[in-house]
Amino acid sequence: MGCLDTAAIQGIPTALHRAEKELPFVVYQEGVDFQLLHADVEAGLWVIRTRFQPGVTIQRHKHTGEVFAFTLTGSWKYFEYPEVNTAGSYLYEPAGSIHTLHVPATNTEVTDVWFAIRGANLNLDEQGKVESVLDAGLCWRSTFLFVELAGMGVRT
């Protein structure tokens with residue numbers, strides 16, 4: 001039995017490849033940019049590459065689904081836990097986790113992290129109430145609005 005030729009099977013989509021330069025980085029907040037790598041709005045899956053400047057803190061948030069993270073460069077942690085994520089480390093977060101992401105000001109380089117996220121980030125205020133929601137649809141809309149405003153020609 002030979003290898004399965006998926007291109008020969010009707011209904012199976014071909015792979016989609018994007019070079020790093022084809023995908024814009026979008027400002028999320030001062031000192032944080034994300035690059036949308038994949039968004040499946042219907043399935044609630046979004047994959048982003050995020051670059052954090054030293055000293056940045058992301059608002060406390062709750063995840064409605066699982067999160068998978070791989071750190072490419074730099075280091076970061078959650079205020080609520082002692083572990084520090086460094087280059088080459090992998091992190092799994094179960095649905096329902098609540099935390100505040102922080103990048104140490106002592107970092108000498110940009111912290112670069114790849115995240116695959118199911119569901120949404122519920123951004124919480126001081127009292128723990130939902131202040132805003134970040135999900136696959138918002139990331140997708142934000143990226144393409146940025147592309148449109150910047151006049152960049154990105155293929156879909």
# chains A, B, ... in the order shown; residues from 1 in each chain; ligands from 1

$ select_by_dssp --residues "chain A" --states "helix (DSSP H, G or I)" --output "MDAnalysis selection string"
chainID A and resid 6:8 20:22 136:150

$ residues_around --residues "segment 45-57 of chain A" --least-positions-apart "4" --cutoff "6 Å" --atoms "only C-alpha atoms" --output "list in words"
Gly31, Val32, Asp33, Phe34, Gln35, Leu36, Leu37, His38, Ala39, Asp40, Leu101, His102, Val103, Pro104, Ala105, Asn107, Val110, Thr111, Asp112, Val113, Trp114, Phe115, Ala116, Ile117, Arg118 and Ala136 of chain A

$ closest_residue --among "A:Ser97, A:Pro82, A:Leu124, A:Val41" --to "Leu138 of chain A" --atoms "only C-alpha atoms"
A:Val41

$ atom_distance --atom1 "atom CA of Phe68 of chain A" --atom2 "atom CA of Glu93 of chain A"
6.5 Å
